[in-house]
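Peer 1: Below are the structure tokens for one structure; questions will follow.
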Amino acid sequence: MTKLRVGTRGSDLALWQTGWVSDRLRSAHPDLEIERIIIKTHGDLAIDQRFDADWPAGGFVGAIEQQLAANRIDFAVHSYKDMQTATTPGLTIAAVPGREVVYDVLVTRGPTDLDNLPAGFRIGTSSPRRAAQFRRAAKVEIVEIRGNVPTRVAKLDKDNLDGVVLAGAGLKRLGIDPPYRIELPTDRFVPSPAQGALAIQTRENDQAAEIIGVLDEADARREVEAERAFLRAVNAGCHTPVGALASLDGTTIALHGQLFSDDGLRVAETIEKGDDPHSVGSRLARRLLSELGMCPSP
């Protein structure tokens with residue numbers, strides 16, 4: 001019998017994702033025992049802090065990575081989009097499982113026409129990217145909200161909002177199907193880099209990495225690597241309005257990037273193609289940064 005300890009946040013979505021990964025690992029390794037350990041991160045504790053320049057890199061994963069590096073857990077399950085772009089020394093992403101839906105969803109109080117949102121339509125989101133995308137589309141009012149997926153859905157009525165924006169993957173994984181919802185077209189509302197993807201993290205050269213590698217899905221990893229290479233090259237963090245979505249056609253990667261100025265008033269976007277995810281992401285970043293007159297990362 002092999003036993004592994006998995007670290008996770010305690011939100012409904014984090015626990016669902018960890019359970020999903022654990023079930024598949026047990027199916028692949030019938031003699032595997034998994035102990036779940038819940039870890040509070042900065043994001044769980046600083047519930048009123050805005051996603052701005054003061055938000056720490058890895059705010060939703062750092063505390064878990066510390067436990068992993070200290071050998072108090074053997075692997076961690078993260079929402080990949082929560083991870084900082086810099087690699088943590090001594091740790092590795094052992095698997096990127098098959099990806100869930102990538103689009104965002106606008107959950108509303110009643111029937112809504114996305115192309116004819118009324119002026120002053122109140123949308124709840126803490127994401128600068130989502131705020132910039134909706135301000136580009138209509139004269140909406142953005143209301144900052146925080147919380148897990150069920151909490152944000154509940155704020156629709158509690159905070160008298162007209163809509164809230166959430167990742168479709170989170171709604172689908174939790175089985176939440178609001179009566180009024182619009183799946184936002186990804187060509188206009190480009191999602192967060194790595195949205196819908198999971199990152200299973202272990203220590204480098206650890207037995208757990210070999211065990212977990214069975215869940216790695218090559219296409220999902222290539223897509224995410226391209227999106228995060230773009231994110232890294234623009235030196236973006238949680239407070240940067242930026243979206244990226246990769247698609248594969250054989251070995252060719254088509255990466256759609258959308259980069260807003262810091263104030264969200266200007267946007268540059270295009271599609272870059274190539275076979276290497278890292279070079280595709282870097283080239284796309286240079287093009288969009290140049291268009292906005294912004295400096296690339298060192």
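Note on naming: chains are A, B, ... as they come in the structure tokens, residues start from 1 per chain, ligands start from 1 in the order shown.
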Among region 60-119 of chain A, which residues does DSSP mark as alpha helix (DSSP H) when it is run on the backbone? Keep the chain and numbering as in the structure and answer as a PyMOL selection string.
Peer 2: chain A and resi 62-69
Peer 1: Find the nearest atom pair between each residue of region 85-105 of chain A and region 186-193 of chain A for residues within 8 Å, count only C-alpha atoms, give distances in Å to one decimal, sort rows by chain and ascending number, and present the table as a Markdown table.
Peer 2:
| residue | atom | partner | partner_atom | distance |
| --- | --- | --- | --- | --- |
| A:Val102 | CA | A:Pro191 | CA | 6.7 |
| A:Tyr103 | CA | A:Thr186 | CA | 6.0 |
| A:Asp104 | CA | A:Pro191 | CA | 6.6 |
Peer 1: If we count only C-alpha atoms, what is near Ser279 (chain A) at a cut-off of 12 Å, once residues fewer than 3 positions away on the same chain are taken out, given as a PyMOL selection string?
Peer 2: chain A and resi 222+225-230+232-233+253-255+272-276+282-286
Peer 1: In terms of the shortest atom-to-atom distance over only C-alpha atoms, which of A:Glu183, A:Asp206, A:Asp177, A:Asp159 is closest to Phe75 (chain A)?
Peer 2: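 Counting only C-alpha atoms, the residue closest to Phe75 (chain A) is A:Asp206.
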Peer 1: List the neighbours of Ile73 (chain A) out to 9 Å using only C-alpha atoms; skip same-chain residues closer than 6 positions along the sequence, and give me the result as a PyMOL selection string.
Peer 2: chain A and resi 4-7+36-37+64+67+202
Peer 1: List the neighbours of Thr151 (chain A) out to 12 Å using only C-alpha atoms; skip same-chain residues closer than 4 positions along the sequence, and give me the result as a PDB file with N, CA and C atoms, in the first residue's frame.
Peer 2:
ATOM      1  N   SER A  11     -11.994  25.523  -0.117  1.00  0.00           N
ATOM      2  CA  SER A  11     -13.211  25.962  -0.800  1.00  0.00           C
ATOM      3  C   SER A  11     -13.917  24.774  -1.444  1.00  0.00           C
ATOM      4  N   ASP A  12     -15.196  24.960  -1.735  1.00  0.00           N
ATOM      5  CA  ASP A  12     -15.969  23.881  -2.372  1.00  0.00           C
ATOM      6  C   ASP A  12     -15.314  23.427  -3.670  1.00  0.00           C
ATOM      7  N   LEU A  13     -14.868  24.407  -4.475  1.00  0.00           N
ATOM      8  CA  LEU A  13     -14.269  24.060  -5.757  1.00  0.00           C
ATOM      9  C   LEU A  13     -12.935  23.340  -5.573  1.00  0.00           C
ATOM     10  N   GLY A 124     -20.853  42.147 -11.017  1.00  0.00           N
ATOM     11  CA  GLY A 124     -19.947  41.833  -9.923  1.00  0.00           C
ATOM     12  C   GLY A 124     -18.770  40.999 -10.390  1.00  0.00           C
ATOM     13  N   ILE A 145     -16.391  42.129  -6.079  1.00  0.00           N
ATOM     14  CA  ILE A 145     -16.854  41.100  -5.145  1.00  0.00           C
ATOM     15  C   ILE A 145     -15.781  40.029  -5.017  1.00  0.00           C
ATOM     16  N   ARG A 146     -15.727  39.405  -3.859  1.00  0.00           N
ATOM     17  CA  ARG A 146     -14.816  38.300  -3.597  1.00  0.00           C
ATOM     18  C   ARG A 146     -15.617  37.141  -3.037  1.00  0.00           C
ATOM     19  N   GLY A 147     -14.982  35.979  -2.962  1.00  0.00           N
ATOM     20  CA  GLY A 147     -15.635  34.820  -2.367  1.00  0.00           C
ATOM     21  C   GLY A 147     -15.558  33.613  -3.274  1.00  0.00           C
ATOM     22  N   LYS A 155     -24.324  36.546  -4.252  1.00  0.00           N
ATOM     23  CA  LYS A 155     -24.236  38.006  -4.204  1.00  0.00           C
ATOM     24  C   LYS A 155     -25.097  38.663  -5.271  1.00  0.00           C
ATOM     25  N   LEU A 156     -25.546  37.901  -6.246  1.00  0.00           N
ATOM     26  CA  LEU A 156     -26.429  38.445  -7.271  1.00  0.00           C
ATOM     27  C   LEU A 156     -27.658  39.076  -6.614  1.00  0.00           C
ATOM     28  N   ASP A 157     -28.244  38.366  -5.671  1.00  0.00           N
ATOM     29  CA  ASP A 157     -29.404  38.888  -4.941  1.00  0.00           C
ATOM     30  C   ASP A 157     -28.988  39.692  -3.719  1.00  0.00           C
ATOM     31  N   LYS A 158     -27.991  39.193  -2.984  1.00  0.00           N
ATOM     32  CA  LYS A 158     -27.586  39.842  -1.737  1.00  0.00           C
ATOM     33  C   LYS A 158     -27.100  41.260  -1.961  1.00  0.00           C
ATOM     34  N   ASP A 159     -26.328  41.489  -3.035  1.00  0.00           N
ATOM     35  CA  ASP A 159     -25.773  42.812  -3.318  1.00  0.00           C
ATOM     36  C   ASP A 159     -26.544  43.558  -4.413  1.00  0.00           C
ATOM     37  N   VAL A 164     -23.193  38.539 -12.388  1.00  0.00           N
ATOM     38  CA  VAL A 164     -21.864  38.222 -11.864  1.00  0.00           C
ATOM     39  C   VAL A 164     -21.159  37.367 -12.899  1.00  0.00           C
ATOM     40  N   LEU A 166     -18.292  34.473 -13.724  1.00  0.00           N
ATOM     41  CA  LEU A 166     -17.535  33.376 -13.141  1.00  0.00           C
ATOM     42  C   LEU A 166     -16.981  32.495 -14.249  1.00  0.00           C
ATOM     43  N   LEU A 171     -18.427  26.513 -12.317  1.00  0.00           N
ATOM     44  CA  LEU A 171     -19.858  26.213 -12.262  1.00  0.00           C
ATOM     45  C   LEU A 171     -20.124  24.765 -12.650  1.00  0.00           C
ATOM     46  N   ILE A 176     -23.419  23.669 -10.583  1.00  0.00           N
ATOM     47  CA  ILE A 176     -24.262  24.850 -10.410  1.00  0.00           C
ATOM     48  C   ILE A 176     -24.750  25.301 -11.786  1.00  0.00           C
TER      49      ILE A 176
END
Peer 1: Name the residues in contact with region 178-182 of chain A at a cut-off of 10 Å, using only C-alpha atoms, excluding same-chain residues fewer than 2 positions from it; report them as a ChimeraX atom specification.
Peer 2: /A:104-114,153,163-165,168,171,175-176,184-185
Peer 1: Which is closest to Trp16 (chain A) among A:Val77, A:Ile123, A:Ala197, A:Ala70, if we use only C-alpha atoms?
Peer 2: A:Val77
Peer 1: When you draw a straight line from CA of Phe60 (chain A) to CA of Lys3 (chain A), how long is it in Å?
Peer 2: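 Going from CA of Phe60 (chain A) over to CA of Lys3 (chain A), I get 25.5 Å.
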Peer 1: Could you tell me, as a VMD selection string, which residues of region 76-262 of chain A DSSP assigns to strand (DSSP E or B) when given the backbone?
Peer 2: chain A and resid 76 to 79 91 to 95 104 to 108 122 to 124 141 to 143 163 to 167 181 to 183 198 to 203 242 to 249 252 to 260
Peer 1: Keeping only C-alpha atoms, take the residues you just selected and write them out as a CSV table (one decimal), in the first residue's frame.
Peer 2:
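Here's the written file selection.csv:
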chain,number,residue,atom,x,y,z
A,76,ALA,CA,-1.0,19.6,-4.4
A,77,VAL,CA,-3.9,20.3,-6.6
A,78,HIS,CA,-4.2,23.8,-7.9
A,79,SER,CA,-6.4,25.8,-10.3
A,91,LEU,CA,8.8,21.8,-7.3
A,92,THR,CA,7.4,20.7,-10.6
A,93,ILE,CA,4.0,20.3,-12.3
A,94,ALA,CA,3.8,16.5,-12.5
A,95,ALA,CA,0.5,16.5,-14.5
A,104,ASP,CA,-16.5,32.7,-18.7
A,105,VAL,CA,-20.2,32.8,-17.8
A,106,LEU,CA,-22.4,35.9,-17.1
A,107,VAL,CA,-25.0,34.8,-14.5
A,108,THR,CA,-27.9,37.3,-14.5
A,122,ARG,CA,-24.3,46.3,-12.4
A,123,ILE,CA,-21.8,43.4,-12.8
A,124,GLY,CA,-19.9,41.8,-9.9
A,141,GLU,CA,-21.0,49.5,-13.6
A,142,ILE,CA,-18.4,47.2,-12.1
A,143,VAL,CA,-18.9,46.1,-8.5
A,163,GLY,CA,-25.0,40.0,-13.1
A,164,VAL,CA,-21.9,38.2,-11.9
A,165,VAL,CA,-19.1,36.8,-14.0
A,166,LEU,CA,-17.5,33.4,-13.1
A,167,ALA,CA,-15.4,30.7,-14.9
A,181,ARG,CA,-26.6,32.5,-17.8
A,182,ILE,CA,-24.7,33.5,-20.9
A,183,GLU,CA,-21.6,31.6,-22.0
A,198,LEU,CA,-5.6,21.9,-13.1
A,199,ALA,CA,-2.0,21.8,-12.1
A,200,ILE,CA,-0.9,18.8,-10.0
A,201,GLN,CA,2.4,19.8,-8.3
A,202,THR,CA,5.0,17.6,-6.6
A,203,ARG,CA,8.6,17.9,-5.5
A,242,VAL,CA,-4.9,40.1,-19.8
A,243,GLY,CA,-6.4,37.1,-21.5
A,244,ALA,CA,-5.0,34.2,-23.5
A,245,LEU,CA,-6.4,31.1,-25.1
A,246,ALA,CA,-4.5,28.5,-27.1
A,247,SER,CA,-6.0,26.0,-29.5
A,248,LEU,CA,-4.2,23.1,-31.3
A,249,ASP,CA,-4.4,22.0,-34.9
A,252,THR,CA,0.4,24.0,-34.6
A,253,ILE,CA,-0.6,26.2,-31.7
A,254,ALA,CA,-2.9,29.2,-32.4
A,255,LEU,CA,-2.6,31.6,-29.4
A,256,HIS,CA,-5.2,34.4,-29.1
A,257,GLY,CA,-4.0,37.1,-26.7
A,258,GLN,CA,-5.8,40.1,-25.4
A,259,LEU,CA,-3.8,42.8,-23.4
A,260,PHE,CA,-5.3,45.9,-21.9
Peer 1: Which of these, A:Thr87, A:Gln17, A:Gln207, A:Asn235, has the shortest distance to Glu100 (chain A) once you count only C-alpha atoms?
Peer 2: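 Among the listed residues, the smallest separation from Glu100 (chain A) belongs to A:Gln17.
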Peer 1: Could you check which of A:Thr270, A:Ser127, A:Gln66, A:Ser22 is closest to Gly90 (chain A), using only C-alpha atoms?
Peer 2: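 Smallest distance to Gly90 (chain A) is found for A:Gln66.
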Peer 1: Can you work out which one of A:Lys81, A:Ala63, A:Arg136, A:Arg129 has the shortest atom-to-atom distance to Ala169 (chain A), counting only C-alpha atoms?
Peer 2: A:Lys81
Peer 1: Nearest to Glu269 (chain A) among A:Arg26, A:Arg287, A:Arg72, A:Arg9, with distances taken over only C-alpha atoms: which residue is it?
Peer 2: A:Arg287
Peer 1: Excluding same-chain residues fewer than 6 positions from Ala132 (chain A), what lies within 9 Å of it counting only C-alpha atoms, as a PyMOL selection string?
Peer 2: chain A and resi 241+260+263-265+267
